[in-house]
Each structure stands twice: as C-alpha cells, then as structure tokens.
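One file, coords00.pdb, carrying PDB, C-alpha atoms, pLDDT in the B column:
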```pdb
ATOM      1  CA  MET A   1     -49.723 -45.689-233.448  1.00 41.00           C
ATOM      2  CA  SER A   2     -51.951 -42.752-234.316  1.00 44.00           C
ATOM      3  CA  HIS A   3     -54.875 -41.673-232.146  1.00 46.00           C
ATOM      4  CA  GLU A   4     -57.363 -42.636-234.868  1.00 49.00           C
ATOM      5  CA  THR A   5     -55.976 -46.160-235.026  1.00 48.00           C
ATOM      6  CA  ALA A   6     -56.045 -46.593-231.256  1.00 50.00           C
ATOM      7  CA  ALA A   7     -59.592 -45.219-231.078  1.00 50.00           C
ATOM      8  CA  SER A   8     -60.838 -47.509-233.822  1.00 52.00           C
ATOM      9  CA  LEU A   9     -59.282 -50.534-232.103  1.00 51.00           C
ATOM     10  CA  ALA A  10     -60.979 -49.648-228.801  1.00 56.00           C
ATOM     11  CA  ALA A  11     -64.448 -49.245-230.356  1.00 63.00           C
ATOM     12  CA  PRO A  12     -65.322 -52.977-230.576  1.00 69.00           C
ATOM     13  CA  ASP A  13     -64.387 -53.450-226.894  1.00 78.00           C
ATOM     14  CA  ARG A  14     -66.523 -50.467-225.896  1.00 79.00           C
ATOM     15  CA  ARG A  15     -69.461 -51.796-227.933  1.00 82.00           C
ATOM     16  CA  THR A  16     -69.150 -55.270-226.442  1.00 85.00           C
ATOM     17  CA  ALA A  17     -68.982 -53.804-222.923  1.00 89.00           C
ATOM     18  CA  ALA A  18     -72.151 -51.779-223.589  1.00 91.00           C
ATOM     19  CA  VAL A  19     -73.954 -54.897-224.823  1.00 92.00           C
ATOM     20  CA  THR A  20     -72.808 -56.802-221.726  1.00 93.00           C
ATOM     21  CA  ARG A  21     -74.033 -54.041-219.400  1.00 94.00           C
ATOM     22  CA  LEU A  22     -77.413 -53.889-221.168  1.00 93.00           C
ATOM     23  CA  THR A  23     -77.739 -57.682-220.976  1.00 94.00           C
ATOM     24  CA  SER A  24     -77.108 -57.578-217.224  1.00 94.00           C
ATOM     25  CA  LEU A  25     -79.511 -54.671-216.703  1.00 93.00           C
ATOM     26  CA  ASN A  26     -82.268 -56.360-218.739  1.00 94.00           C
ATOM     27  CA  SER A  27     -81.928 -59.454-216.572  1.00 95.00           C
ATOM     28  CA  ALA A  28     -81.932 -57.528-213.281  1.00 95.00           C
ATOM     29  CA  LEU A  29     -84.938 -55.408-214.237  1.00 95.00           C
ATOM     30  CA  ALA A  30     -86.913 -58.402-215.510  1.00 95.00           C
ATOM     31  CA  GLU A  31     -86.244 -60.109-212.186  1.00 96.00           C
ATOM     32  CA  ASP A  32     -87.359 -56.984-210.302  1.00 95.00           C
ATOM     33  CA  LEU A  33     -90.593 -56.989-212.328  1.00 95.00           C
ATOM     34  CA  ASP A  34     -91.132 -60.708-211.712  1.00 95.00           C
ATOM     35  CA  ARG A  35     -90.625 -60.395-207.959  1.00 96.00           C
ATOM     36  CA  GLY A  36     -92.612 -57.183-207.558  1.00 94.00           C
ATOM     37  CA  ARG A  37     -89.592 -55.133-206.492  1.00 94.00           C
ATOM     38  CA  TRP A  38     -90.321 -52.785-209.377  1.00 93.00           C
ATOM     39  CA  VAL A  39     -93.865 -51.776-210.160  1.00 92.00           C
ATOM     40  CA  PRO A  40     -93.618 -49.218-212.977  1.00 93.00           C
ATOM     41  CA  GLY A  41     -95.655 -46.120-212.267  1.00 91.00           C
ATOM     42  CA  PRO A  42     -97.772 -44.107-214.684  1.00 91.00           C
ATOM     43  CA  LEU A  43     -94.848 -42.012-215.975  1.00 90.00           C
ATOM     44  CA  GLU A  44     -92.728 -45.077-216.706  1.00 91.00           C
ATOM     45  CA  ARG A  45     -95.598 -46.923-218.394  1.00 93.00           C
ATOM     46  CA  THR A  46     -96.585 -43.903-220.490  1.00 92.00           C
ATOM     47  CA  LEU A  47     -93.067 -43.108-221.676  1.00 92.00           C
ATOM     48  CA  THR A  48     -92.358 -46.761-222.427  1.00 94.00           C
ATOM     49  CA  ALA A  49     -95.572 -47.067-224.421  1.00 94.00           C
ATOM     50  CA  ARG A  50     -94.646 -43.936-226.382  1.00 93.00           C
ATOM     51  CA  LEU A  51     -91.230 -45.373-227.222  1.00 94.00           C
ATOM     52  CA  LEU A  52     -92.752 -48.655-228.377  1.00 94.00           C
ATOM     53  CA  VAL A  53     -95.283 -46.809-230.550  1.00 95.00           C
ATOM     54  CA  ALA A  54     -92.479 -44.726-232.075  1.00 95.00           C
ATOM     55  CA  CYS A  55     -90.615 -47.941-232.922  1.00 94.00           C
ATOM     56  CA  ALA A  56     -93.649 -49.873-234.156  1.00 94.00           C
ATOM     57  CA  GLY A  57     -93.197 -49.031-237.834  1.00 92.00           C
ATOM     58  CA  ASP A  58     -89.716 -50.460-238.279  1.00 93.00           C
ATOM     59  CA  GLY A  59     -89.154 -52.216-234.950  1.00 92.00           C
ATOM     60  CA  GLN A  60     -85.911 -50.328-234.372  1.00 93.00           C
ATOM     61  CA  PHE A  61     -84.740 -48.361-231.382  1.00 93.00           C
ATOM     62  CA  THR A  62     -82.903 -45.302-232.651  1.00 94.00           C
ATOM     63  CA  PRO A  63     -80.854 -42.768-230.718  1.00 94.00           C
ATOM     64  CA  VAL A  64     -83.333 -40.019-231.630  1.00 94.00           C
ATOM     65  CA  ARG A  65     -86.343 -41.990-230.355  1.00 94.00           C
ATOM     66  CA  VAL A  66     -84.697 -42.989-227.075  1.00 92.00           C
ATOM     67  CA  ARG A  67     -83.313 -39.479-226.456  1.00 91.00           C
ATOM     68  CA  GLU A  68     -86.774 -37.970-226.998  1.00 91.00           C
ATOM     69  CA  ILE A  69     -88.230 -40.230-224.317  1.00 89.00           C
ATOM     70  CA  LEU A  70     -85.405 -39.428-221.904  1.00 87.00           C
ATOM     71  CA  ILE A  71     -85.910 -35.715-222.537  1.00 86.00           C
ATOM     72  CA  ASP A  72     -89.689 -35.986-222.145  1.00 82.00           C
ATOM     73  CA  GLY A  73     -89.215 -37.703-218.797  1.00 77.00           C
ATOM     74  CA  THR A  74     -86.754 -35.029-217.647  1.00 77.00           C
ATOM     75  CA  VAL A  75     -85.913 -35.050-213.987  1.00 79.00           C
ATOM     76  CA  ALA A  76     -89.003 -36.998-212.882  1.00 85.00           C
ATOM     77  CA  LEU A  77     -87.970 -40.076-214.861  1.00 83.00           C
ATOM     78  CA  PHE A  78     -84.713 -40.334-212.942  1.00 82.00           C
ATOM     79  CA  HIS A  79     -86.630 -40.527-209.657  1.00 84.00           C
ATOM     80  CA  ALA A  80     -89.610 -42.662-210.708  1.00 86.00           C
ATOM     81  CA  GLY A  81     -89.064 -46.317-209.837  1.00 88.00           C
ATOM     82  CA  ASP A  82     -85.627 -45.484-208.431  1.00 88.00           C
ATOM     83  CA  GLY A  83     -84.519 -44.495-211.929  1.00 90.00           C
ATOM     84  CA  ARG A  84     -84.704 -48.039-213.310  1.00 92.00           C
ATOM     85  CA  LEU A  85     -86.328 -47.055-216.600  1.00 92.00           C
ATOM     86  CA  ALA A  86     -83.967 -44.106-216.995  1.00 91.00           C
ATOM     87  CA  ARG A  87     -80.976 -46.442-216.532  1.00 92.00           C
ATOM     88  CA  LEU A  88     -82.406 -48.901-219.031  1.00 94.00           C
ATOM     89  CA  LEU A  89     -83.021 -46.186-221.619  1.00 93.00           C
ATOM     90  CA  ALA A  90     -79.570 -44.673-221.090  1.00 93.00           C
ATOM     91  CA  GLN A  91     -77.908 -48.077-221.488  1.00 94.00           C
ATOM     92  CA  LEU A  92     -80.079 -48.839-224.509  1.00 95.00           C
ATOM     93  CA  LEU A  93     -79.022 -45.527-226.024  1.00 94.00           C
ATOM     94  CA  GLU A  94     -75.360 -46.407-225.547  1.00 93.00           C
ATOM     95  CA  VAL A  95     -75.818 -49.716-227.370  1.00 93.00           C
ATOM     96  CA  ILE A  96     -77.845 -48.365-230.291  1.00 93.00           C
ATOM     97  CA  ALA A  97     -75.728 -45.246-230.789  1.00 91.00           C
ATOM     98  CA  ASP A  98     -72.748 -47.408-231.743  1.00 86.00           C
ATOM     99  CA  PRO A  99     -74.135 -50.913-232.250  1.00 82.00           C
ATOM    100  CA  ALA A 100     -72.023 -54.014-231.926  1.00 84.00           C
ATOM    101  CA  SER A 101     -72.499 -56.985-234.195  1.00 86.00           C
ATOM    102  CA  ASP A 102     -73.817 -59.059-231.275  1.00 89.00           C
ATOM    103  CA  ALA A 103     -76.379 -56.465-230.103  1.00 91.00           C
ATOM    104  CA  ASP A 104     -79.527 -57.928-231.731  1.00 92.00           C
ATOM    105  CA  PRO A 105     -80.388 -60.460-228.989  1.00 94.00           C
ATOM    106  CA  VAL A 106     -80.020 -57.929-226.177  1.00 94.00           C
ATOM    107  CA  LEU A 107     -82.057 -55.370-228.121  1.00 94.00           C
ATOM    108  CA  ALA A 108     -84.803 -57.971-228.511  1.00 95.00           C
ATOM    109  CA  ASP A 109     -84.639 -58.617-224.747  1.00 95.00           C
ATOM    110  CA  SER A 110     -84.923 -54.879-224.138  1.00 95.00           C
ATOM    111  CA  ALA A 111     -87.959 -54.673-226.414  1.00 95.00           C
ATOM    112  CA  ARG A 112     -89.684 -57.492-224.506  1.00 95.00           C
ATOM    113  CA  LEU A 113     -88.860 -55.850-221.184  1.00 95.00           C
ATOM    114  CA  LEU A 114     -90.178 -52.488-222.372  1.00 95.00           C
ATOM    115  CA  GLU A 115     -93.372 -54.179-223.595  1.00 95.00           C
ATOM    116  CA  ARG A 116     -93.853 -55.612-220.099  1.00 94.00           C
ATOM    117  CA  VAL A 117     -93.313 -52.194-218.531  1.00 93.00           C
ATOM    118  CA  ALA A 118     -95.756 -50.543-220.925  1.00 92.00           C
ATOM    119  CA  ARG A 119     -98.542 -52.977-220.138  1.00 88.00           C
ATOM    120  CA  SER A 120     -97.890 -53.334-216.397  1.00 74.00           C
ATOM    121  CA  VAL A 121    -100.622 -52.037-214.152  1.00 55.00           C
ATOM    122  CA  SER A 122    -100.335 -51.185-210.510  1.00 45.00           C
ATOM    123  CA  ALA A 123    -102.587 -53.312-208.343  1.00 37.00           C
TER     124      ALA A 123
END
```
Could you rewrite the structure in this file as structure tokens?
Amino acid sequence: MSHETAASLAAPDRRTAAVTRLTSLNSALAEDLDRGRWVPGPLERTLTARLLVACAGDGQFTPVRVREILIDGTVALFHAGDGRLARLLAQLLEVIADPASDADPVLADSARLLERVARSVSA
C-alpha cells in the first residue's frame, strides 16, 4: 500500500476525531460558563466578537479567520481564562481546516458558544 493511499484512508478517522474533541470541548466550556467557572475577560470577549463579526457575512469559520484571531491574541490569549478560548479556537481550526461530513452540528455549537462568550460581561 502506498503512503498516499494510507494517508487518504486515515484522513476520515482524523477528521472524526477532531469533531469528537471539539464536541467535548464545546460541552465542557458551555458548562464552565453556566456554572461560573469561566468568566471570559475583556481580551476573550473582544477577540470572540471580532471573529463573529468576521464570519457574519457568510456565517462560516475559515482557517484564515480563526488563525488571525489566534495570532492577534498572541501569548496573552493562552493565559487568559486558563487558555480556554485558545483551546477552543485551536480545536475549531483543526475541524475547519479539514472538515468532516458530520462537522456542521459541532460548528453550530461552537458558534453559539462563541456568541455567549462575546456577549458575556463580568459582574
């Protein structure tokens, strides 16, 4: 079996695993928001709002849009909120860079979660 054949056979498994990890992370972060264990700070809210604005025209997360937000956040984003938003964006990037056929529901969950982060306000 050639390398190209083996690589192409492994791609669907890799995509499905990425979707599964993003599904789990969406759930955990939504629970953290619900229980007050994660209160997104100004950096997280601002970057999330910028990503949602960038996606507003077509409603699509793209690798370029997510990478720009990760780059804009630089090192601070990985420390803010214990890196939760950075992990979410990195996992989201993995899913959208090589989308699986079953990715749409988890991407919709991610969009809802990011909308919550963008509008959250510290008490």
Would you list the contacts of Gln91 in chain A as a PyMOL selection string, taking every protein, DNA or RNA residue within 6 Å and counting all atoms listed in the file, but skipping same-chain residues closer than 3 positions in sequence?
chain A and resi 22+88+94
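Residues lying within 12 Å of Thr74 in chain A, counting only C-alpha atoms and ignoring same-chain neighbours fewer than 5 positions away, are A:Leu43, A:Glu44, A:Leu47, A:Arg67, A:Glu68, A:Ile69, A:His79, A:Ala80, A:Gly83, A:Ala86.
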Which one is closest to Asp104 in chain A: A:Gly59, A:Gly81, A:Gly36, A:Pro42? Count only C-alpha atoms.
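Smallest distance to Asp104 in chain A is found for A:Gly59.
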Rounded to one decimal in Å, what is the spacing between CA of Ser110 in chain A and CA of Cys55 in chain A?
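That distance, rounded to one decimal, is 12.6 Å.
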Ranking A:Thr46, A:Leu93, A:Asp58, A:Pro40 by minimum distance to Gly73 in chain A and counting only C-alpha atoms, which one comes first?
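Nearest candidate to Gly73 in chain A out of A:Thr46, A:Leu93, A:Asp58, A:Pro40: A:Thr46.
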Which centre and which edge lengths, in Å to one decimal, describe the axis-aligned box that holds all listed atoms of range 40-59 of chain A after 4 Å is added on each side, as JSON?
```
{"center_x": -93.5, "center_y": -47.1, "center_z": -225.3, "size_x": 16.6, "size_y": 18.2, "size_z": 34.0}
```
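If you measure from each of A:Ala103, A:Ala56, A:Val64, A:Leu113 to Thr20 in chain A using all atoms listed in the file, the closest one turns out to be A:Ala103.
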Could you state the separation of CA of Ala118 in chain A and CA of Ile96 in chain A in Å, given to one decimal place?
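Computing it gives 20.3 Å between the two atoms.
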As an exercise, work out the distance from CA of Arg45 in chain A to CA of Val19 in chain A in Å and give it to one decimal place.
23.9 Å
Result set, the PyMOL selection byres ((chain A and resi 15) around 10) on current file, as a list in words
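Listing what the PyMOL selection byres ((chain A and resi 15) around 10) selects in the shown file: Ala10, Ala11, Pro12, Asp13, Arg14, Thr16, Ala17, Ala18, Val19, Thr20, Arg21, Glu94, Val95, Ile96, Ala97, Asp98, Pro99, Ala100, Ser101, Asp102 and Ala103 of chain A.
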For Val117 in chain A, which residue among A:Leu89, A:Thr48, A:Asp72, A:Ala28 is the nearest when counting only C-alpha atoms?
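Looking at the shortest contact to Val117 in chain A, the residue is A:Thr48.
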Would you list the contacts of Val39 in chain A as a list in words, taking every protein, DNA or RNA residue within 9 Å and counting all atoms listed in the file, but skipping same-chain residues closer than 2 positions in sequence?
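Skipping anything fewer than 2 positions along the chain leaves Asp32, Leu33, Gly36, Arg37, Gly41, Gly81, Val117, Ser120, Val121 and Ser122 of chain A.
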With distances taken over only C-alpha atoms, which residue among A:Val66, A:Leu77, A:Val106, A:Leu85 lies nearest Leu52 in chain A?
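Once distances to Leu52 in chain A are computed over only C-alpha atoms, the minimum belongs to A:Val66.
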